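S.K.: Just my_file35.txt, nothing more (compact mmCIF, C-alpha atoms):
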```txt
# COMPACT_ATOMS: atom_id res chain seq x y z
CA MET A 114 137.59 22.37 -53.70
CA ALA A 115 139.18 19.31 -52.05
CA ASN A 116 140.34 21.52 -49.24
CA LEU A 117 136.82 22.75 -48.56
CA LYS A 118 135.44 19.26 -48.57
CA ALA A 119 138.06 18.07 -46.13
CA LEU A 120 137.18 20.93 -43.82
CA ARG A 121 133.49 20.10 -44.01
CA ILE A 122 134.17 16.49 -43.10
CA ARG A 123 136.33 17.60 -40.23
CA ILE A 124 133.62 19.90 -38.88
CA ASP A 125 131.03 17.16 -39.09
CA SER A 126 133.27 14.76 -37.23
CA VAL A 127 133.92 17.24 -34.42
CA LYS A 128 130.20 17.89 -34.24
CA SER A 129 129.41 14.25 -33.71
CA THR A 130 132.14 14.00 -31.08
CA GLN A 131 130.53 16.93 -29.34
CA LYS A 132 127.18 15.17 -29.39
CA ILE A 133 128.73 12.13 -27.72
CA THR A 134 130.56 14.10 -25.06
CA SER A 135 127.52 16.17 -24.18
CA ALA A 136 125.40 13.01 -23.94
CA MET A 137 128.03 11.41 -21.67
CA LYS A 138 127.98 14.51 -19.54
CA LEU A 139 124.23 14.26 -19.08
CA VAL A 140 124.42 10.56 -18.28
CA SER A 141 127.15 11.17 -15.71
CA ALA A 142 125.17 13.99 -14.15
CA SER A 143 122.22 11.74 -13.50
CA LYS A 144 124.41 8.87 -12.30
CA LEU A 145 126.28 11.26 -10.10
CA ARG A 146 123.14 12.30 -8.30
CA ARG A 147 122.33 8.70 -7.47
CA ALA A 148 125.89 7.85 -6.45
CA GLN A 149 126.08 10.92 -4.27
CA ILE A 150 122.88 9.98 -2.46
CA ARG A 151 124.26 6.51 -1.84
CA ALA A 152 127.54 7.87 -0.55
CA GLU A 153 125.72 10.17 1.82
CA ALA A 154 123.36 7.42 2.96
CA ALA A 155 126.30 5.24 3.94
CA ARG A 156 127.95 7.89 6.03
CA PRO A 157 125.90 7.51 9.27
CA TYR A 158 126.81 3.85 9.59
CA ALA A 159 130.51 4.50 9.08
CA GLU A 160 130.45 7.34 11.60
CA ARG A 161 128.72 5.34 14.30
CA MET A 162 130.91 2.36 13.61
CA GLN A 163 133.93 4.58 14.12
CA ARG A 164 132.53 5.85 17.41
CA MET A 165 131.86 2.35 18.67
CA LEU A 166 135.28 1.16 17.61
CA ALA A 167 136.90 4.09 19.40
CA THR A 168 135.07 3.20 22.61
CA LEU A 169 136.00 -0.44 22.33
CA ALA A 170 139.58 0.22 21.37
CA ALA A 171 140.01 2.62 24.28
CA SER A 172 138.74 -0.10 26.56
CA ALA A 173 140.89 -2.81 25.01
CA ALA A 174 143.99 -0.59 24.90
CA GLY A 175 146.92 -1.93 26.84
CA ASN A 176 145.61 -5.44 26.42
CA PRO A 177 148.60 -7.49 25.20
CA SER A 178 146.38 -9.97 23.38
CA ALA A 179 144.59 -7.28 21.36
CA PRO A 180 143.67 -8.64 17.93
CA PRO A 181 146.16 -7.99 15.09
CA LEU A 182 143.48 -6.31 12.98
CA LEU A 183 143.40 -3.56 15.59
CA VAL A 184 147.03 -3.14 16.58
CA GLY A 185 148.83 -4.85 13.71
CA ASN A 186 151.17 -7.77 14.13
CA GLY A 187 154.05 -5.65 15.37
CA ARG A 188 156.01 -5.81 12.12
CA ASP A 189 156.33 -3.24 9.39
CA ALA A 190 158.13 -5.12 6.64
CA THR A 191 155.48 -5.86 4.03
CA HIS A 192 152.87 -3.37 2.93
CA LEU A 193 149.67 -4.08 1.08
CA ILE A 194 148.34 -1.21 -1.00
CA ILE A 195 144.74 -1.38 -2.09
CA ALA A 196 144.20 0.99 -4.99
CA VAL A 197 140.59 1.82 -5.79
CA THR A 198 139.91 3.12 -9.29
CA ALA A 199 137.11 3.02 -11.82
CA ASP A 200 136.57 0.36 -14.45
CA ARG A 201 136.03 2.87 -17.20
CA GLY A 202 138.07 5.71 -18.49
CA LEU A 203 137.19 9.05 -20.05
CA ALA A 204 137.03 10.61 -16.62
CA GLY A 205 139.89 13.07 -16.81
CA ALA A 206 142.72 12.45 -14.40
CA PHE A 207 140.51 10.47 -12.02
CA ASN A 208 142.15 7.07 -12.47
CA THR A 209 145.63 8.38 -13.11
CA ASN A 210 145.62 10.28 -9.84
CA VAL A 211 145.02 7.17 -7.77
CA GLY A 212 147.43 5.15 -9.88
CA ARG A 213 150.12 7.76 -9.47
CA ALA A 214 149.50 8.10 -5.72
CA ALA A 215 149.74 4.33 -5.30
CA ARG A 216 152.92 4.21 -7.38
CA THR A 217 154.52 7.03 -5.41
CA LEU A 218 153.65 5.28 -2.15
CA ALA A 219 155.03 1.99 -3.43
CA GLN A 220 158.26 3.63 -4.58
CA ARG A 221 158.67 5.42 -1.27
CA LEU A 222 158.14 2.23 0.73
CA GLU A 223 160.53 0.30 -1.47
CA ALA A 224 163.13 2.99 -1.08
CA GLU A 225 162.80 2.42 2.66
CA GLY A 226 163.60 -1.24 2.05
CA LYS A 227 160.07 -2.55 2.55
CA LYS A 228 158.23 -5.06 0.46
CA VAL A 229 155.15 -3.92 -1.37
CA LYS A 230 152.14 -5.87 -2.54
CA ILE A 231 149.27 -4.35 -4.46
CA ALA A 232 145.60 -5.15 -4.68
CA ALA A 233 143.97 -3.37 -7.60
CA ILE A 234 140.26 -2.66 -7.39
CA GLY A 235 138.96 -1.46 -10.73
CA ARG A 236 140.25 -2.25 -14.18
CA LYS A 237 141.86 1.09 -14.93
CA GLY A 238 144.04 1.03 -11.85
CA ARG A 239 145.11 -2.51 -12.56
CA ASP A 240 146.13 -1.60 -16.11
CA PHE A 241 148.00 1.44 -14.88
CA LEU A 242 149.89 -0.34 -12.11
CA ARG A 243 150.59 -3.41 -14.19
CA ARG A 244 152.96 -1.39 -16.36
CA ASP A 245 155.73 -1.06 -13.82
CA HIS A 246 154.48 -2.86 -10.71
CA GLY A 247 152.93 -5.86 -12.42
CA ASP A 248 154.77 -8.46 -10.37
CA ARG A 249 153.54 -6.95 -7.12
CA ILE A 250 149.83 -7.18 -7.84
CA ILE A 251 148.50 -10.07 -5.75
CA PHE A 252 144.86 -9.80 -6.65
CA ASP A 253 142.57 -7.57 -8.62
CA VAL A 254 138.83 -7.04 -8.69
CA SER A 255 136.76 -5.50 -11.44
CA TYR A 256 133.13 -4.45 -11.38
CA ALA A 257 132.91 -3.77 -15.10
CA GLY A 258 129.37 -4.18 -16.34
CA ARG A 259 127.85 -3.89 -12.88
CA LYS A 260 125.24 -1.24 -12.22
CA GLN A 261 126.22 -0.44 -8.68
CA ILE A 262 128.45 -1.60 -5.90
CA GLU A 263 126.86 -3.45 -3.00
CA PHE A 264 128.05 -3.81 0.55
CA ALA A 265 128.60 -7.52 -0.10
CA ASP A 266 131.34 -6.57 -2.61
CA ALA A 267 133.21 -4.69 0.09
CA GLU A 268 132.73 -7.63 2.45
CA ALA A 269 134.24 -9.96 -0.13
CA ILE A 270 137.33 -7.75 -0.43
CA ALA A 271 137.59 -7.44 3.36
CA ALA A 272 137.40 -11.22 3.73
CA ARG A 273 140.21 -11.59 1.23
CA VAL A 274 142.34 -9.04 3.01
CA ILE A 275 141.77 -10.75 6.36
CA ALA A 276 142.65 -14.14 4.91
CA LEU A 277 145.89 -12.69 3.52
CA MET A 278 146.62 -11.12 6.88
CA GLN A 279 146.20 -14.47 8.60
CA GLU A 280 148.54 -16.09 6.12
CA GLY A 281 151.06 -13.44 7.05
CA ALA A 282 151.17 -12.07 3.52
CA PHE A 283 151.47 -8.48 4.76
CA ASP A 284 151.89 -6.45 7.93
CA VAL A 285 150.40 -3.06 7.12
CA CYS A 286 147.51 -2.33 4.81
CA THR A 287 146.81 1.03 3.18
CA LEU A 288 143.89 2.04 1.03
CA VAL A 289 144.39 4.53 -1.79
CA TYR A 290 141.21 5.97 -3.26
CA ASN A 291 139.62 9.13 -4.59
CA ARG A 292 137.87 10.97 -1.82
CA PHE A 293 134.78 12.76 -3.00
CA VAL A 294 135.25 16.39 -1.97
CA SER A 295 132.83 17.93 -4.42
CA VAL A 296 131.58 17.37 -7.92
CA ILE A 297 134.59 19.06 -9.43
CA SER A 298 137.15 17.92 -6.91
CA GLN A 299 138.26 14.41 -6.02
CA VAL A 300 141.40 14.01 -4.00
CA ALA A 301 143.54 10.88 -4.09
CA THR A 302 143.75 9.90 -0.44
CA GLU A 303 145.70 7.33 1.54
CA ALA A 304 143.94 5.70 4.48
CA ARG A 305 145.52 3.09 6.72
CA LEU A 306 143.31 0.09 7.36
CA ILE A 307 145.53 -2.27 9.35
CA PRO A 308 146.52 -1.55 12.06
CA ALA A 309 143.29 0.36 12.61
CA PRO A 310 143.86 4.09 13.06
CA VAL A 311 142.22 4.65 16.45
CA ALA A 312 144.52 7.40 17.57
CA GLU A 313 141.52 9.58 18.20
CA ALA A 314 140.15 7.04 20.69
CA PRO A 315 141.61 8.67 23.81
CA ALA A 316 140.37 12.04 22.58
CA ALA A 317 136.87 10.63 22.18
CA ALA A 318 137.01 9.11 25.63
CA ALA A 319 138.09 12.46 27.03
CA ALA A 320 135.34 14.33 25.22
CA GLY A 321 132.56 13.29 27.52
CA VAL A 322 131.88 9.82 26.15
CA PRO A 323 130.91 7.85 29.24
CA ALA A 324 133.81 5.55 29.89
CA VAL A 325 131.77 3.03 31.82
CA TYR A 326 130.49 0.85 29.06
CA GLU A 327 129.43 -2.69 29.65
CA PHE A 328 130.13 -5.17 26.92
CA GLU A 329 128.10 -8.16 26.00
CA PRO A 330 129.85 -10.43 25.13
CA GLU A 331 133.24 -9.22 26.44
CA GLU A 332 135.47 -6.79 24.49
CA GLU A 333 137.52 -9.41 22.74
CA ALA A 334 134.57 -11.31 21.32
CA LEU A 335 132.96 -8.05 20.26
CA LEU A 336 136.14 -6.85 18.62
CA ALA A 337 136.43 -10.13 16.76
CA HIS A 338 133.10 -9.28 15.11
CA LEU A 339 133.48 -5.53 14.92
CA LEU A 340 136.93 -5.36 13.33
CA PRO A 341 136.18 -7.32 10.15
CA GLN A 342 132.93 -5.40 9.84
CA ASN A 343 134.79 -2.14 10.27
CA LEU A 344 137.25 -3.14 7.58
CA ALA A 345 134.39 -3.90 5.23
CA VAL A 346 132.74 -0.57 6.05
CA GLN A 347 135.93 1.37 5.39
CA ILE A 348 136.37 -0.39 2.07
CA TYR A 349 132.72 0.13 1.20
CA LYS A 350 133.02 3.81 1.97
CA ALA A 351 136.03 4.08 -0.32
CA LEU A 352 134.25 2.16 -3.08
CA ILE A 353 131.15 4.30 -3.12
CA GLU A 354 133.02 7.56 -2.68
CA SER A 355 135.13 6.53 -5.61
CA ALA A 356 132.01 5.62 -7.59
CA ALA A 357 130.52 9.06 -6.92
CA GLY A 358 133.84 10.73 -7.68
CA GLU A 359 134.13 8.86 -10.95
CA GLN A 360 130.82 10.27 -12.16
CA GLY A 361 131.79 13.73 -10.99
CA ALA A 362 135.14 13.54 -12.72
CA ARG A 363 133.57 12.24 -15.92
CA MET A 364 130.99 14.97 -15.86
CA THR A 365 133.67 17.66 -15.55
CA ALA A 366 135.86 16.03 -18.18
CA MET A 367 132.98 15.72 -20.62
CA ASP A 368 131.90 19.28 -19.95
CA ASN A 369 135.38 20.45 -20.87
CA ALA A 370 135.43 18.22 -23.91
CA THR A 371 132.11 19.60 -25.09
CA ARG A 372 133.36 23.14 -24.69
CA ASN A 373 136.60 22.36 -26.50
CA ALA A 374 134.68 20.76 -29.32
CA GLY A 375 132.57 23.93 -29.54
CA ASP A 376 135.71 26.09 -29.80
CA MET A 377 137.12 23.77 -32.42
CA ILE A 378 133.94 23.94 -34.49
CA LYS A 379 133.96 27.71 -34.33
CA ARG A 380 137.58 27.87 -35.49
CA LEU A 381 137.09 25.36 -38.26
CA THR A 382 133.95 27.11 -39.47
CA LEU A 383 135.87 30.38 -39.64
CA VAL A 384 138.63 28.80 -41.71
CA TYR A 385 136.02 27.11 -43.89
CA ASN A 386 134.17 30.37 -44.59
CA ARG A 387 137.39 32.26 -45.26
CA SER A 388 138.65 29.78 -47.76
CA ARG A 389 135.23 29.60 -49.40
CA GLN A 390 135.26 33.37 -49.79
CA ALA A 391 138.85 33.32 -51.07
CA ASN A 392 137.80 30.80 -53.68
CA ILE A 393 134.92 32.95 -54.82
CA THR A 394 137.11 36.04 -55.01
CA ARG A 395 139.73 34.16 -56.99
CA GLU A 396 137.16 32.89 -59.44
CA LEU A 397 135.75 36.39 -59.89
CA ILE A 398 139.21 37.75 -60.59
CA GLU A 399 139.77 35.01 -63.11
CA ILE A 400 136.50 35.78 -64.86
CA ILE A 401 137.06 39.55 -64.89
CA SER A 402 140.64 39.31 -66.10
CA GLY A 403 139.50 36.77 -68.70
CA ALA A 404 136.83 39.24 -69.91
CA GLU A 405 139.33 42.10 -70.00
CA ALA A 406 141.76 40.05 -72.10
CA VAL A 407 139.18 39.54 -74.82
CA MET B 203 112.10 11.10 28.40
CA PRO B 204 112.12 8.72 25.48
CA THR B 205 115.12 6.95 24.01
CA ALA B 206 116.51 8.26 20.74
CA LEU B 207 116.53 5.20 18.55
CA GLU B 208 118.61 5.01 15.39
CA ILE B 209 118.70 2.05 13.09
CA VAL B 210 121.47 2.14 10.50
CA SER B 211 122.54 -0.39 7.92
CA PRO B 212 125.68 -0.02 5.82
CA GLU B 213 123.57 1.21 2.94
CA ARG B 214 121.38 3.75 4.71
CA LEU B 215 119.97 5.32 7.84
CA LEU B 216 116.69 3.48 8.20
CA LEU B 217 115.07 5.09 11.19
CA SER B 218 115.85 7.88 13.59
CA ARG B 219 113.22 8.88 16.12
CA ALA B 220 112.36 8.88 19.78
CA VAL B 221 110.68 5.75 21.13
CA ASP B 222 109.62 4.61 24.59
CA MET B 223 111.13 1.17 24.45
CA VAL B 224 112.93 -1.00 21.95
CA VAL B 225 113.54 -4.72 22.26
CA ILE B 226 116.67 -5.80 20.42
CA PRO B 227 117.82 -9.35 19.67
CA ALA B 228 121.16 -9.36 21.49
CA ALA B 229 123.49 -12.30 21.02
CA GLU B 230 122.90 -13.47 24.57
CA GLY B 231 119.17 -12.98 24.70
CA GLU B 232 116.57 -10.32 23.99
CA LEU B 233 117.28 -6.99 25.52
CA GLY B 234 114.64 -4.41 26.32
CA VAL B 235 116.02 -0.89 26.23
CA LEU B 236 114.23 1.78 28.21
CA PRO B 237 115.40 5.35 28.77
CA GLY B 238 118.16 5.49 31.36
CA HIS B 239 119.58 2.10 30.43
CA ALA B 240 123.19 1.48 31.45
CA SER B 241 125.77 2.19 28.73
CA MET B 242 126.47 -0.96 26.79
CA ILE B 243 127.82 -2.23 23.53
CA VAL B 244 126.20 -5.48 22.51
CA LEU B 245 126.48 -7.93 19.69
CA LEU B 246 123.24 -8.80 17.89
CA ARG B 247 122.08 -12.06 16.41
CA GLY B 248 119.47 -12.47 13.72
CA GLY B 249 116.03 -11.79 15.08
CA LEU B 250 113.15 -9.45 15.53
CA LEU B 251 113.53 -5.87 16.65
CA ARG B 252 110.41 -4.48 18.29
CA ILE B 253 109.60 -0.85 18.92
CA PHE B 254 107.17 0.25 21.62
CA GLU B 255 105.50 3.60 22.00
CA GLY B 256 103.53 3.73 25.19
CA PRO B 257 102.29 0.25 25.94
CA GLN B 258 101.74 -0.35 22.25
CA GLU B 259 104.10 -2.22 20.00
CA THR B 260 104.26 0.05 16.96
CA SER B 261 106.65 -1.63 14.60
CA ARG B 262 108.74 -4.71 14.03
CA MET B 263 111.77 -5.28 11.87
CA PHE B 264 114.01 -8.18 11.05
CA VAL B 265 117.67 -7.62 11.86
CA ALA B 266 120.20 -10.06 10.41
CA GLY B 267 122.87 -9.36 13.01
CA GLY B 268 125.14 -6.48 13.90
CA PHE B 269 125.86 -4.33 16.93
CA ALA B 270 124.06 -1.93 19.21
CA GLU B 271 125.37 0.90 21.29
CA ILE B 272 123.21 1.84 24.23
CA THR B 273 123.56 4.88 26.45
CA PRO B 274 121.01 6.32 28.88
CA GLU B 275 119.82 8.72 26.17
CA ARG B 276 120.04 6.75 23.00
CA CYS B 277 120.16 3.39 21.35
CA THR B 278 122.05 3.02 18.08
CA VAL B 279 121.56 -0.19 16.15
CA LEU B 280 124.23 -0.93 13.55
CA ALA B 281 122.61 -3.75 11.67
CA ASP B 282 124.29 -5.84 8.99
CA GLU B 283 120.94 -5.82 7.27
CA VAL B 284 117.49 -4.58 8.24
CA MET B 285 114.19 -5.48 6.64
CA PRO B 286 110.73 -4.24 7.40
CA LEU B 287 108.57 -7.24 8.21
CA ALA B 288 106.68 -6.96 4.93
CA GLU B 289 109.87 -7.57 2.95
CA VAL B 290 110.82 -10.77 4.75
CA SER B 291 109.84 -13.63 2.48
CA LYS B 292 109.82 -17.31 3.27
CA SER B 293 111.48 -18.31 0.03
CA ALA B 294 114.37 -15.88 0.58
CA ALA B 295 114.78 -17.22 4.11
CA GLU B 296 114.84 -20.80 2.90
CA ARG B 297 117.39 -19.95 0.26
CA ARG B 298 119.58 -18.38 2.94
CA ILE B 299 119.27 -21.46 5.14
CA ASN B 300 120.41 -23.62 2.25
CA GLU B 301 123.33 -21.31 1.58
CA ALA B 302 124.29 -21.23 5.24
CA GLU B 303 124.08 -25.02 5.53
CA ALA B 304 126.26 -25.40 2.45
CA ALA B 305 128.75 -22.93 3.92
CA TYR B 306 128.76 -24.86 7.19
CA GLU B 307 129.40 -28.14 5.38
CA ALA B 308 132.22 -26.60 3.38
CA VAL B 309 133.97 -24.84 6.23
CA ASP B 310 137.08 -26.22 7.88
CA LYS B 311 135.75 -27.36 11.27
CA ALA B 312 139.14 -26.89 12.90
CA ASP B 313 138.99 -23.17 12.14
CA ILE B 314 136.80 -22.14 15.05
CA ALA B 315 136.31 -18.53 13.99
CA ALA B 316 135.21 -19.49 10.49
CA ARG B 317 132.97 -22.26 11.81
CA ASP B 318 131.30 -19.89 14.24
CA ALA B 319 130.78 -17.37 11.47
CA THR B 320 128.85 -19.93 9.42
CA LEU B 321 126.86 -20.96 12.50
CA ASP B 322 125.91 -17.31 13.05
CA GLN B 323 124.87 -17.13 9.45
CA LEU B 324 122.71 -20.22 9.88
CA GLN B 325 121.14 -18.87 13.06
CA SER B 326 120.34 -15.60 11.32
CA ALA B 327 118.76 -17.42 8.37
CA ARG B 328 116.66 -19.60 10.69
CA ALA B 329 115.52 -16.55 12.62
CA MET B 330 114.52 -14.99 9.31
CA LEU B 331 112.43 -18.05 8.46
CA ALA B 332 110.80 -17.97 11.89
CA VAL B 333 109.93 -14.33 11.33
CA ALA B 334 108.58 -15.05 7.87
CA GLU B 335 106.39 -17.88 9.16
CA ALA B 336 105.09 -16.05 12.20
CA PRO B 337 101.58 -14.68 11.70
```
Transcribe the structure of this file into structure tokens.

M.R.:
Amino acid sequence: MANLKALRIRIDSVKSTQKITSAMKLVSASKLRRAQIRAEAARPYAERMQRMLATLAASAAGNPSAPPLLVGNGRDATHLIIAVTADRGLAGAFNTNVGRAARTLAQRLEAEGKKVKIAAIGRKGRDFLRRDHGDRIIFDVSYAGRKQIEFADAEAIAARVIALMQEGAFDVCTLVYNRFVSVISQVATEARLIPAPVAEAPAAAAAGVPAVYEFEPEEEALLAHLLPQNLAVQIYKALIESAAGEQGARMTAMDNATRNAGDMIKRLTLVYNRSRQANITRELIEIISGAEAV
Amino acid sequence: MPTALEIVSPERLLLSRAVDMVVIPAAEGELGVLPGHASMIVLLRGGLLRIFEGPQETSRMFVAGGFAEITPERCTVLADEVMPLAEVSKSAAERRINEAEAAYEAVDKADIAARDATLDQLQSARAMLAVAEAP
């Protein structure tokens, strides 16, 4: 009978796991909806910012005193990688994907003889990267326990990045984050932040954007305001896309877990019933053969 | 032909509709934008944004700073923060002034960019208070 009891305990435990995973799935689904709305609401600003930056950059192009945030400082020796992950796990491969992408990038750059520094946003990414790139992490940020990410958080990170840039701590800055493609698909993406990728600027200027813009104040003063803001917007976009992606990934992972738990319960129940029946049959045989022996 | 006005903050698209005139608080003075305005990109300071339909002023908003892109057909305001007038409170404005003053005291005066940033912050907070106190 001990075997049957053990099976029953096992079934009960899988059942309670299934209850937890299905509850987590529901929670993620409702959080996902909110996060997705936020991510979509932030898109217009980022798009228009990009358009304005393209116009300005096209106009400031060829200017030898263009700000380093736009054109870089001319060197390519030290790279800063900002890895954006979640603070919480149980979201499938969501965090590992970014961690692995950041690690691959770091290894590639180091193989090219460049120095790498890492900024880890999110606890999971920090823990992942600390394992073999611990000495390269220069700062980390965690939003554990926070309900949602505000624009001010992105501004704080941007300010830190700019301060590091001014100290000359790095030359090129790349953001690695999970781009939200759809609920079931998040793609680890690299995006260069510094120097700003305005390669499409001439294309935009050619595509009917009136080239005769006036600037008030002049381009340089505007750029001095626009560039840090743009940096913050890019980081903000990554943060909220990642937040939406995290919920999507968790929802998918928990859906799978719930289904797996269901399969497991079915299999265990089958084994349980079979062995119960076997026991009954054996007892019957014992009784019958006992009766025959008399 | 009216101007297509869009007001966007980092968190959301606040307003997108056609208006006859919009007065924006540009860094170098208020700027009235009518249809057919020359193409411009301007920096904004903290202040009041006013929307006109016909001769009537139809709505007012507080803008804490940002940028605006103006073309003959449209005016796009990229605000750092936008608040409908009803949400601007005096106590919040005063708190911001205190914060900005503290930031100004703390900043390294030799660092001109950082000093100017705190001064902008202070100006924006004072404009917010002025808006809150206005009838």

S.K.: To test the calculation: enclose all listed atoms of range 290-297 of chain B in a box whose edges run along x, y and z, add 4 Å on each side, then state centre and edge lengths in Å to one decimal, as AutoDock Vina command-line options.

M.R.:
```
--center_x 113.6 --center_y -15.8 --center_z 2.4 --size_x 15.6 --size_y 18.0 --size_z 12.7
```

S.K.: Rank nothing, just name the residue among B:Glu259, B:Glu283, B:Glu289, B:Glu296 nearest to chain A, using only C-alpha atoms.

M.R.: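 Of all the options, B:Glu283 lies closest to chain A.
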
S.K.: Ranking A:Ala272, A:Leu183, A:Ala232, A:Ala362 by minimum distance to chain B and counting all atoms listed in the file, which one comes first?

M.R.: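 Ranked by minimum distance to chain B, first place goes to A:Ala272.
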
S.K.: If you count only C-alpha atoms, which residues fall within 6 Å of Ala206 in chain B, apart from same-chain ones fewer than 5 positions away, as a list in words?

M.R.: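 Listing them by chain and then by number gives Arg219, Ala220 and Arg276 of chain B.
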
S.K.: Show me, as a ChimeraX atom specification, every residue of chain A with an atom at most 8 Å from chain B, counting all atoms listed in the file.

M.R.: /A:151,154-159,161-162,165,264,323,325-330,335,339,346

S.K.: So how far away is CA of Ser126 in chain A from CA of Ala391 in chain A, in Å?

M.R.: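 Spanning CA of Ala391 in chain A to CA of Ser126 in chain A is a straight-line distance of 23.8 Å.
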
S.K.: Hey, can you pull every residue with an atom no more than 12 Å from (118.2, -18.9, 0.9), using all atoms listed in the file, and send it as a PyMOL selection string?

M.R.: chain B and resi 290-305+323-324+326-328+330-331

S.K.: Just to confirm, what's the straight-line distance from CA of Pro237 in chain B to CA of Ala288 in chain B in Å (one decimal)?

M.R.: 28.2 Å

S.K.: By how many Å are CA of Ala301 in chain A and CA of Thr198 in chain A apart?

M.R.: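 One can read the CA of Ala301 in chain A to CA of Thr198 in chain A distance as 10.0 Å.
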